[in-house]
Amino acid sequence: MIRLIFYIDPSIYVMSMKQLLVLILLLFSVRLVLSQTPQEKSVLEIISEADTKSDPAEMVVTLKKALGILEDTGDSIKGIYYYNLGVSYGMRYDVDSATQSLNLSIEYADLAGDIFTQIGSLNGLANVARIENDNDAAKGYYERGLELTKDSKEHRAYKWRSALLGNIAGIFFDLGNPDAALSYTKDALIESTAISDSTSMARNLVQLGYCYNALNYPDSAFQVNQRATEILEMTKDLYLLTFQYYTMGNTYMDDGDFTKAEYYYNECIKLAKQFNEYETLIECLNAMAGLLFEQEKFISAEQYLEESLVVSGKEEILAPRRDAFKLFYELEMARTNYKNAIGHLKEYHLIKDSLSNQETINNIEEFRVKYETAEKEKEILQANAEIAEQERFQVFLIIITSVVILFSAVAIGLIIQRSRLKNALLSQEIDTLRLQINSVFNNQTEEVVLNPEMINEGLFKPLSDREIEIFQQALSDKTNRQIADAMYVSINTVKYHLKNIYEKLGVSNRSEALNKVLAKG
């Protein structure tokens with residue numbers, strides 16, 4: 001299903017192409033029925049067929065079947081067609097083709113007076129810009145879409161205003177400006193509330209929760225999250241509820257309300273299994289074990305930890321697995337089962353060392369290079385000082401030589417000495433450069449530092465700059481949540497980018513991605 005990115009987290013806040021297409025077809029059904037030609041009906045049928053495909057490449061192939069008859073259709077149909085084609089290309093990360101198709105959609109929709117297809121295409125262009133981390137261009141497209149909805153009282157105008165405002169809020173949140181993100185999200189909530197759009201209201205409330213937490217307003221975050229949970233339960237948006245239940249569990253855990261925390265954690269576990277959200281599942285299992293451990297319910301806590309280890313081992317998710325072993329160690333120590341405690345502690349340190357060993361090596365190498373470089377720089381400064389002193393002496397000798405010819409031989413000797421000093425300085429500079437070059441090559445064998453050009457060589461679709469940043473973070477000792485905190489984005493933004501990275505590399509997890517990078521040298 002083709003998706004359009006909305007709000008902060010592209011992996012959650014999405015609208016399917018099918019939903020949007022159905023909306024467009026309903027809005028224009030009367031006019032199209034009265035004026036449709038056989039070719040226009042065929043184009044719409046092809047668009048509907050493309051929407052049944054799950055692979056964006058198949059969508060593009062299906063849509064291209066309409067090119068032969070597209071010239072015999074009206075501007076409105078052409079606008080809708082190129083909108084679908086542009087979004088399909090966007091899902092393939094074919095930025096140039098997506099941009100070209102979406103611009104054509106805007107041109108034809110403008111000729112047909114179809115402002116809502118124009119808005120959809122502007123939204124698509126903004127999403128393409130965000131793929132390339134061009135936030136200024138993306139914000140400009142969103143604002144152009146908002147301008148088209150200005151003063152409109154139509155139901156779909158409210159929906160688009162809510163979506164576009166939420167998208168702008170997402171940009172500010174990703175840029176580390178939660179105050180601006182909060183303001184735009186509140187405006188988005190007003191638009192969705194005006195038409196009682198429960199789904200949009202819930203997503204805006206979730207986004208408000210992100211903003212309030214970032215601004216350290218826990219009470220406000222709790223209130224909006226509680227309201228969002230109620231709406232999501234009412235609308236049966238189970239996928240988003242998976243993460244919302246985990247948030248609520250953590251909230252009640254922090255407040256010491258173990259009963260409610262346990263309820264939400266267990267609900268999250270059920271949904272995480274249903275949607276194969278393994279990292280959230282493992283973190284929730286660990287959270288439940290910790291909750292039960294706090295209540296000294298050791299047997300139940302042990303059961304959750306064992307399940308956590310099974311899942312994390314199967315899916316090779318190391319950071320939460322490390323945390324599970326540490327909690328298991330504390331559990332066994334509390335039960336005075338020291339033999340098992342030692343075993344779990346060893347496993348914890350093995351995983352911890354495997355994750356942090358490379359970072360430690362890198363730090364040591366960095367300090368070594370800095371020290372040796374500083375020593376070389378010190379020698380160079382001393383040589384420069386000697387050269388400066390010799391140059392001053394040379395000037396003095398030249399003055400004397402102009403009076404006393406006998407001193408000319410001394411001046412020549414000093415010139416030769418100066419030349420030698422410069423050669424020595426050059427040699428020292430070369431040694432410094434050689435040290436830095438050797439450091440680079442040493443790091444290549446001990447440190448995984450991503451080279452975008454080398455990574456993207458041979459890939460059908462190269463990694464974007466944002467994906468390179470996320471990938472670099474993913475190869476360190478950080479969970480998705482830690483990566484999200486470090487980059488001021490949501491955890492699901494990280495998951496969305498990792499999913500795209502794995503697909504582009506043709507791997508399924510971090511271990512395989514690391515091996516592929518190492519294989520490329």
# chains A, B, ... in the order shown; residues from 1 in each chain; ligands from 1
>>> residues_around(residues="Ala137 of chain A", least_positions_apart="6", cutoff="9 Å", atoms="only C-alpha atoms", output="list in words")
Leu125, Ala126, Ala129 and Arg130 of chain A
>>> write_last_selection(atoms="all heavy atoms", output="PDB file, in the first residue's frame")
ATOM      1  N   LEU A 125       5.744  16.174  -2.592  1.00  0.00           N
ATOM      2  CA  LEU A 125       7.020  16.840  -2.852  1.00  0.00           C
ATOM      3  C   LEU A 125       7.751  17.161  -1.547  1.00  0.00           C
ATOM      4  O   LEU A 125       8.980  17.058  -1.466  1.00  0.00           O
ATOM      5  CB  LEU A 125       6.785  18.128  -3.638  1.00  0.00           C
ATOM      6  CG  LEU A 125       6.423  17.969  -5.122  1.00  0.00           C
ATOM      7  CD1 LEU A 125       6.000  19.308  -5.704  1.00  0.00           C
ATOM      8  CD2 LEU A 125       7.598  17.395  -5.902  1.00  0.00           C
ATOM      9  N   ALA A 126       6.976  17.543  -0.534  1.00  0.00           N
ATOM     10  CA  ALA A 126       7.593  17.814   0.773  1.00  0.00           C
ATOM     11  C   ALA A 126       8.211  16.549   1.350  1.00  0.00           C
ATOM     12  O   ALA A 126       9.315  16.578   1.905  1.00  0.00           O
ATOM     13  CB  ALA A 126       6.547  18.381   1.732  1.00  0.00           C
ATOM     14  N   ALA A 129      11.407  15.870  -0.322  1.00  0.00           N
ATOM     15  CA  ALA A 129      12.436  16.785   0.194  1.00  0.00           C
ATOM     16  C   ALA A 129      12.968  16.308   1.539  1.00  0.00           C
ATOM     17  O   ALA A 129      14.170  16.410   1.828  1.00  0.00           O
ATOM     18  CB  ALA A 129      11.862  18.201   0.315  1.00  0.00           C
ATOM     19  N   ARG A 130      12.087  15.768   2.369  1.00  0.00           N
ATOM     20  CA  ARG A 130      12.528  15.280   3.682  1.00  0.00           C
ATOM     21  C   ARG A 130      13.407  14.040   3.541  1.00  0.00           C
ATOM     22  O   ARG A 130      14.298  13.805   4.365  1.00  0.00           O
ATOM     23  CB  ARG A 130      11.316  14.979   4.572  1.00  0.00           C
ATOM     24  CG  ARG A 130      10.548  16.228   4.972  1.00  0.00           C
ATOM     25  CD  ARG A 130       9.471  15.940   5.991  1.00  0.00           C
ATOM     26  NE  ARG A 130      10.042  15.668   7.301  1.00  0.00           N
ATOM     27  CZ  ARG A 130       9.300  15.390   8.372  1.00  0.00           C
ATOM     28  NH1 ARG A 130       7.975  15.361   8.270  1.00  0.00           N
ATOM     29  NH2 ARG A 130       9.869  15.154   9.530  1.00  0.00           N
TER      30      ARG A 130
END
>>> residues_around(residues="Ala180 of chain A", least_positions_apart="4", cutoff="7 Å", atoms="only C-alpha atoms", output="PDB file with C-alpha atoms, in the first residue's frame")
ATOM      1  CA  ALA A 169       5.488  20.099  13.560  1.00  0.00           C
ATOM      2  CA  PHE A 172      10.573  21.205  13.995  1.00  0.00           C
ATOM      3  CA  TYR A 184       1.968  23.529  15.219  1.00  0.00           C
TER       4      TYR A 184
END
>>> closest_residue(among="A:Gly506, A:Gly124, A:Gly79, A:Gly176", to="Ala484 of chain A", atoms="only C-alpha atoms")
A:Gly176
>>> residues_around(residues="segment 216-226 of chain A", least_positions_apart="5", cutoff="12 Å", atoms="only C-alpha atoms", output="JSON, numbers by chain")
{"A": [178, 179, 182, 186, 189, 201, 202, 203, 204, 205, 206, 207, 208, 209, 210, 211, 231, 232, 233, 240, 241, 243, 244, 245, 246, 247, 248, 249, 250, 251, 252, 254, 255, 264]}
>>> write_last_selection(atoms="N, CA, C and O atoms", output="compact mmCIF listing (two decimals), in the first residue's frame")
# COMPACT_ATOMS: atom_id res chain seq x y z
N PRO A 178 11.19 21.60 20.10
CA PRO A 178 9.89 21.10 20.55
C PRO A 178 8.87 22.20 20.82
O PRO A 178 7.67 21.96 20.76
N ASP A 179 9.33 23.42 21.12
CA ASP A 179 8.39 24.53 21.34
C ASP A 179 7.59 24.82 20.08
O ASP A 179 6.36 24.94 20.11
N LEU A 182 5.30 21.94 19.27
CA LEU A 182 4.11 21.96 20.13
C LEU A 182 3.06 22.92 19.57
O LEU A 182 1.87 22.60 19.51
N LYS A 186 -0.65 21.75 18.23
CA LYS A 186 -1.90 22.25 18.81
C LYS A 186 -2.83 22.77 17.73
O LYS A 186 -4.05 22.53 17.77
N LEU A 189 -4.35 19.85 16.01
CA LEU A 189 -5.40 19.25 16.83
C LEU A 189 -6.71 20.04 16.73
O LEU A 189 -7.80 19.45 16.70
N MET A 201 -7.18 13.10 15.49
CA MET A 201 -7.09 13.62 16.86
C MET A 201 -6.14 12.79 17.70
O MET A 201 -5.30 13.32 18.44
N ALA A 202 -6.26 11.47 17.59
CA ALA A 202 -5.40 10.59 18.38
C ALA A 202 -3.93 10.78 18.02
O ALA A 202 -3.06 10.88 18.89
N ARG A 203 -3.65 10.88 16.73
CA ARG A 203 -2.27 11.04 16.30
C ARG A 203 -1.70 12.40 16.72
O ARG A 203 -0.53 12.50 17.09
N ASN A 204 -2.54 13.42 16.67
CA ASN A 204 -2.08 14.73 17.14
C ASN A 204 -1.82 14.71 18.65
O ASN A 204 -0.88 15.34 19.14
N LEU A 205 -2.67 14.00 19.39
CA LEU A 205 -2.46 13.90 20.84
C LEU A 205 -1.18 13.13 21.16
O LEU A 205 -0.44 13.51 22.08
N VAL A 206 -0.91 12.07 20.41
CA VAL A 206 0.34 11.33 20.61
C VAL A 206 1.53 12.25 20.36
O VAL A 206 2.51 12.26 21.10
N GLN A 207 1.42 13.04 19.29
CA GLN A 207 2.50 13.96 18.97
C GLN A 207 2.65 15.02 20.06
O GLN A 207 3.77 15.42 20.40
N LEU A 208 1.54 15.47 20.62
CA LEU A 208 1.62 16.41 21.75
C LEU A 208 2.38 15.78 22.92
O LEU A 208 3.14 16.45 23.62
N GLY A 209 2.14 14.48 23.13
CA GLY A 209 2.84 13.78 24.20
C GLY A 209 4.35 13.81 23.99
O GLY A 209 5.11 14.04 24.94
N TYR A 210 4.79 13.59 22.73
CA TYR A 210 6.21 13.69 22.43
C TYR A 210 6.75 15.08 22.79
O TYR A 210 7.80 15.22 23.41
N CYS A 211 6.00 16.09 22.40
CA CYS A 211 6.45 17.47 22.63
C CYS A 211 6.51 17.79 24.11
O CYS A 211 7.49 18.37 24.60
N ILE A 231 -8.87 7.19 22.58
CA ILE A 231 -9.36 7.32 21.20
C ILE A 231 -8.87 6.16 20.33
O ILE A 231 -9.63 5.60 19.54
N LEU A 232 -7.61 5.78 20.50
CA LEU A 232 -7.07 4.68 19.71
C LEU A 232 -7.77 3.37 20.03
O LEU A 232 -7.99 2.53 19.14
N GLU A 233 -8.12 3.17 21.28
CA GLU A 233 -8.88 1.97 21.64
C GLU A 233 -10.27 2.01 21.02
O GLU A 233 -10.80 0.97 20.59
N LEU A 240 -0.69 1.47 16.28
CA LEU A 240 -0.26 2.62 17.06
C LEU A 240 -0.46 2.36 18.55
O LEU A 240 0.33 2.83 19.39
N LEU A 241 -1.47 1.57 18.90
CA LEU A 241 -1.70 1.23 20.31
C LEU A 241 -0.54 0.44 20.90
O LEU A 241 -0.27 0.51 22.10
N PHE A 243 2.66 0.91 20.64
CA PHE A 243 3.64 1.84 21.21
C PHE A 243 3.01 2.71 22.29
O PHE A 243 3.68 3.08 23.26
N GLN A 244 1.74 3.00 22.12
CA GLN A 244 1.07 3.84 23.11
C GLN A 244 0.92 3.10 24.44
O GLN A 244 1.07 3.69 25.51
N TYR A 245 0.63 1.79 24.38
CA TYR A 245 0.53 1.00 25.61
C TYR A 245 1.89 0.95 26.33
O TYR A 245 1.96 1.00 27.56
N TYR A 246 2.97 0.85 25.56
CA TYR A 246 4.30 0.83 26.18
C TYR A 246 4.58 2.16 26.88
O TYR A 246 5.10 2.21 27.99
N THR A 247 4.20 3.26 26.22
CA THR A 247 4.37 4.59 26.82
C THR A 247 3.57 4.70 28.11
O THR A 247 4.08 5.21 29.12
N MET A 248 2.33 4.24 28.08
CA MET A 248 1.50 4.33 29.27
C MET A 248 2.04 3.44 30.38
O MET A 248 2.02 3.81 31.56
N GLY A 249 2.55 2.27 30.03
CA GLY A 249 3.15 1.39 31.04
C GLY A 249 4.32 2.05 31.73
O GLY A 249 4.44 2.00 32.96
N ASN A 250 5.19 2.68 30.94
CA ASN A 250 6.33 3.38 31.53
C ASN A 250 5.90 4.53 32.43
O ASN A 250 6.49 4.78 33.48
N THR A 251 4.84 5.22 31.99
CA THR A 251 4.34 6.35 32.77
C THR A 251 3.86 5.90 34.15
O THR A 251 4.21 6.48 35.18
N TYR A 252 3.04 4.86 34.16
CA TYR A 252 2.52 4.36 35.44
C TYR A 252 3.62 3.70 36.28
O TYR A 252 3.59 3.75 37.51
N ASP A 254 6.72 4.73 36.40
CA ASP A 254 7.42 5.85 37.03
C ASP A 254 6.63 6.42 38.21
O ASP A 254 7.21 6.90 39.18
N ASP A 255 5.29 6.34 38.12
CA ASP A 255 4.44 6.85 39.19
C ASP A 255 4.26 5.83 40.32
O ASP A 255 3.62 6.14 41.33
N TYR A 264 -0.88 -2.30 31.08
CA TYR A 264 -0.48 -1.74 29.80
C TYR A 264 0.71 -2.49 29.19
O TYR A 264 0.78 -2.68 27.97
>>> residues_around(residues="Ile171 of chain A", least_positions_apart="3", cutoff="10 Å", atoms="only C-alpha atoms", output="PyMOL selection string")
chain A and resi 7-8+130+133+135-136+138-139+166-168+174-178+180-181+489
>>> closest_residue(among="A:Lys461, A:Lys516, A:Arg335, A:Lys78", to="Glu296 of chain A", atoms="only C-alpha atoms")
A:Arg335
>>> residues_around(residues="segment 57-61 of chain A", least_positions_apart="6", cutoff="12 Å", atoms="only C-alpha atoms", output="PyMOL selection string")
chain A and resi 1-2+17+46-51+67+81-94+97-98+101
>>> closest_atom_pairs(of="segment 447-498 of chain A", to="segment 313-320 of chain A", cutoff="12 Å", atoms="only C-alpha atoms", output="JSON lines")
{"residue": "A:Ala474", "atom": "CA", "partner": "A:Ala319", "partner_atom": "CA", "distance": 10.9}
{"residue": "A:Leu475", "atom": "CA", "partner": "A:Leu318", "partner_atom": "CA", "distance": 11.2}
{"residue": "A:Ser476", "atom": "CA", "partner": "A:Ala319", "partner_atom": "CA", "distance": 10.0}
{"residue": "A:Asp477", "atom": "CA", "partner": "A:Ala319", "partner_atom": "CA", "distance": 7.1}
{"residue": "A:Lys478", "atom": "CA", "partner": "A:Ala319", "partner_atom": "CA", "distance": 6.9}
{"residue": "A:Thr479", "atom": "CA", "partner": "A:Ala319", "partner_atom": "CA", "distance": 5.9}
{"residue": "A:Asn480", "atom": "CA", "partner": "A:Ala319", "partner_atom": "CA", "distance": 9.3}
{"residue": "A:Arg481", "atom": "CA", "partner": "A:Ala319", "partner_atom": "CA", "distance": 10.5}
{"residue": "A:Gln482", "atom": "CA", "partner": "A:Ala319", "partner_atom": "CA", "distance": 10.2}
{"residue": "A:Ile483", "atom": "CA", "partner": "A:Ala319", "partner_atom": "CA", "distance": 11.9}
>>> residues_around(residues="Leu111 of chain A", least_positions_apart="4", cutoff="10 Å", atoms="only C-alpha atoms", output="PyMOL selection string")
chain A and resi 74-76+79+105-107+115
>>> write_last_selection(atoms="all heavy atoms", output="PDB file, in the first residue's frame")
ATOM      1  N   GLY A  74      -8.919  13.884 -19.584  1.00  0.00           N
ATOM      2  CA  GLY A  74      -8.964  15.269 -19.155  1.00  0.00           C
ATOM      3  C   GLY A  74      -7.884  15.592 -18.143  1.00  0.00           C
ATOM      4  O   GLY A  74      -7.199  14.706 -17.608  1.00  0.00           O
ATOM      5  N   ASP A  75      -7.717  16.887 -17.871  1.00  0.00           N
ATOM      6  CA  ASP A  75      -6.663  17.344 -16.950  1.00  0.00           C
ATOM      7  C   ASP A  75      -6.843  16.785 -15.546  1.00  0.00           C
ATOM      8  O   ASP A  75      -5.866  16.484 -14.856  1.00  0.00           O
ATOM      9  CB  ASP A  75      -6.657  18.873 -16.904  1.00  0.00           C
ATOM     10  CG  ASP A  75      -6.220  19.484 -18.230  1.00  0.00           C
ATOM     11  OD1 ASP A  75      -5.439  18.829 -18.955  1.00  0.00           O
ATOM     12  OD2 ASP A  75      -6.674  20.604 -18.532  1.00  0.00           O
ATOM     13  N   SER A  76      -8.093  16.632 -15.100  1.00  0.00           N
ATOM     14  CA  SER A  76      -8.339  16.120 -13.748  1.00  0.00           C
ATOM     15  C   SER A  76      -7.805  14.702 -13.599  1.00  0.00           C
ATOM     16  O   SER A  76      -7.139  14.369 -12.613  1.00  0.00           O
ATOM     17  CB  SER A  76      -9.833  16.158 -13.428  1.00  0.00           C
ATOM     18  OG  SER A  76     -10.065  15.627 -12.137  1.00  0.00           O
ATOM     19  N   GLY A  79      -4.037  14.703 -13.578  1.00  0.00           N
ATOM     20  CA  GLY A  79      -3.521  15.133 -12.288  1.00  0.00           C
ATOM     21  C   GLY A  79      -3.522  14.002 -11.272  1.00  0.00           C
ATOM     22  O   GLY A  79      -2.544  13.780 -10.558  1.00  0.00           O
ATOM     23  N   SER A 105       1.551  16.526 -11.877  1.00  0.00           N
ATOM     24  CA  SER A 105       0.247  16.418 -11.231  1.00  0.00           C
ATOM     25  C   SER A 105      -0.269  17.800 -10.827  1.00  0.00           C
ATOM     26  O   SER A 105      -1.444  18.117 -11.026  1.00  0.00           O
ATOM     27  CB  SER A 105       0.341  15.513  -9.997  1.00  0.00           C
ATOM     28  OG  SER A 105      -0.868  15.531  -9.270  1.00  0.00           O
ATOM     29  N   ILE A 106       0.619  18.615 -10.271  1.00  0.00           N
ATOM     30  CA  ILE A 106       0.222  19.971  -9.850  1.00  0.00           C
ATOM     31  C   ILE A 106      -0.216  20.801 -11.058  1.00  0.00           C
ATOM     32  O   ILE A 106      -1.218  21.525 -11.005  1.00  0.00           O
ATOM     33  CB  ILE A 106       1.385  20.654  -9.116  1.00  0.00           C
ATOM     34  CG1 ILE A 106       1.633  19.962  -7.763  1.00  0.00           C
ATOM     35  CG2 ILE A 106       1.109  22.133  -8.894  1.00  0.00           C
ATOM     36  CD1 ILE A 106       2.854  20.444  -7.031  1.00  0.00           C
ATOM     37  N   GLU A 107       0.528  20.689 -12.173  1.00  0.00           N
ATOM     38  CA  GLU A 107       0.178  21.460 -13.377  1.00  0.00           C
ATOM     39  C   GLU A 107      -1.210  21.082 -13.894  1.00  0.00           C
ATOM     40  O   GLU A 107      -2.041  21.957 -14.172  1.00  0.00           O
ATOM     41  CB  GLU A 107       1.222  21.217 -14.461  1.00  0.00           C
ATOM     42  CG  GLU A 107       2.589  21.819 -14.160  1.00  0.00           C
ATOM     43  CD  GLU A 107       3.595  21.517 -15.242  1.00  0.00           C
ATOM     44  OE1 GLU A 107       3.167  21.091 -16.350  1.00  0.00           O
ATOM     45  OE2 GLU A 107       4.803  21.692 -15.008  1.00  0.00           O
ATOM     46  N   ILE A 115      -7.895  21.616  -6.443  1.00  0.00           N
ATOM     47  CA  ILE A 115      -6.911  22.057  -5.454  1.00  0.00           C
ATOM     48  C   ILE A 115      -6.474  20.933  -4.531  1.00  0.00           C
ATOM     49  O   ILE A 115      -5.345  20.937  -4.031  1.00  0.00           O
ATOM     50  CB  ILE A 115      -7.436  23.243  -4.624  1.00  0.00           C
ATOM     51  CG1 ILE A 115      -8.621  22.819  -3.747  1.00  0.00           C
ATOM     52  CG2 ILE A 115      -7.791  24.413  -5.495  1.00  0.00           C
ATOM     53  CD1 ILE A 115      -8.970  23.854  -2.700  1.00  0.00           C
TER      54      ILE A 115
END
>>> residues_around(residues="segment 347-355 of chain A", least_positions_apart="3", cutoff="6 Å", atoms="only C-alpha atoms", output="list in words")
Arg322, Phe325, Lys326, His344 and Asp477 of chain A
>>> closest_residue(among="A:Ala324, A:Glu307, A:Phe298, A:Leu281", to="Asn337 of chain A", atoms="only C-alpha atoms")
A:Phe298
>>> atom_distance(atom1="atom CA of Leu459 of chain A", atom2="atom CA of Gln473 of chain A")
20.5 Å
>>> atom_distance(atom1="atom CA of Leu146 of chain A", atom2="atom CA of Leu164 of chain A")
6.8 Å
>>> select_by_dssp(residues="segment 1-234 of chain A", states="strand (DSSP E or B)", output="PyMOL selection string")
chain A and resi 3-5+14-16
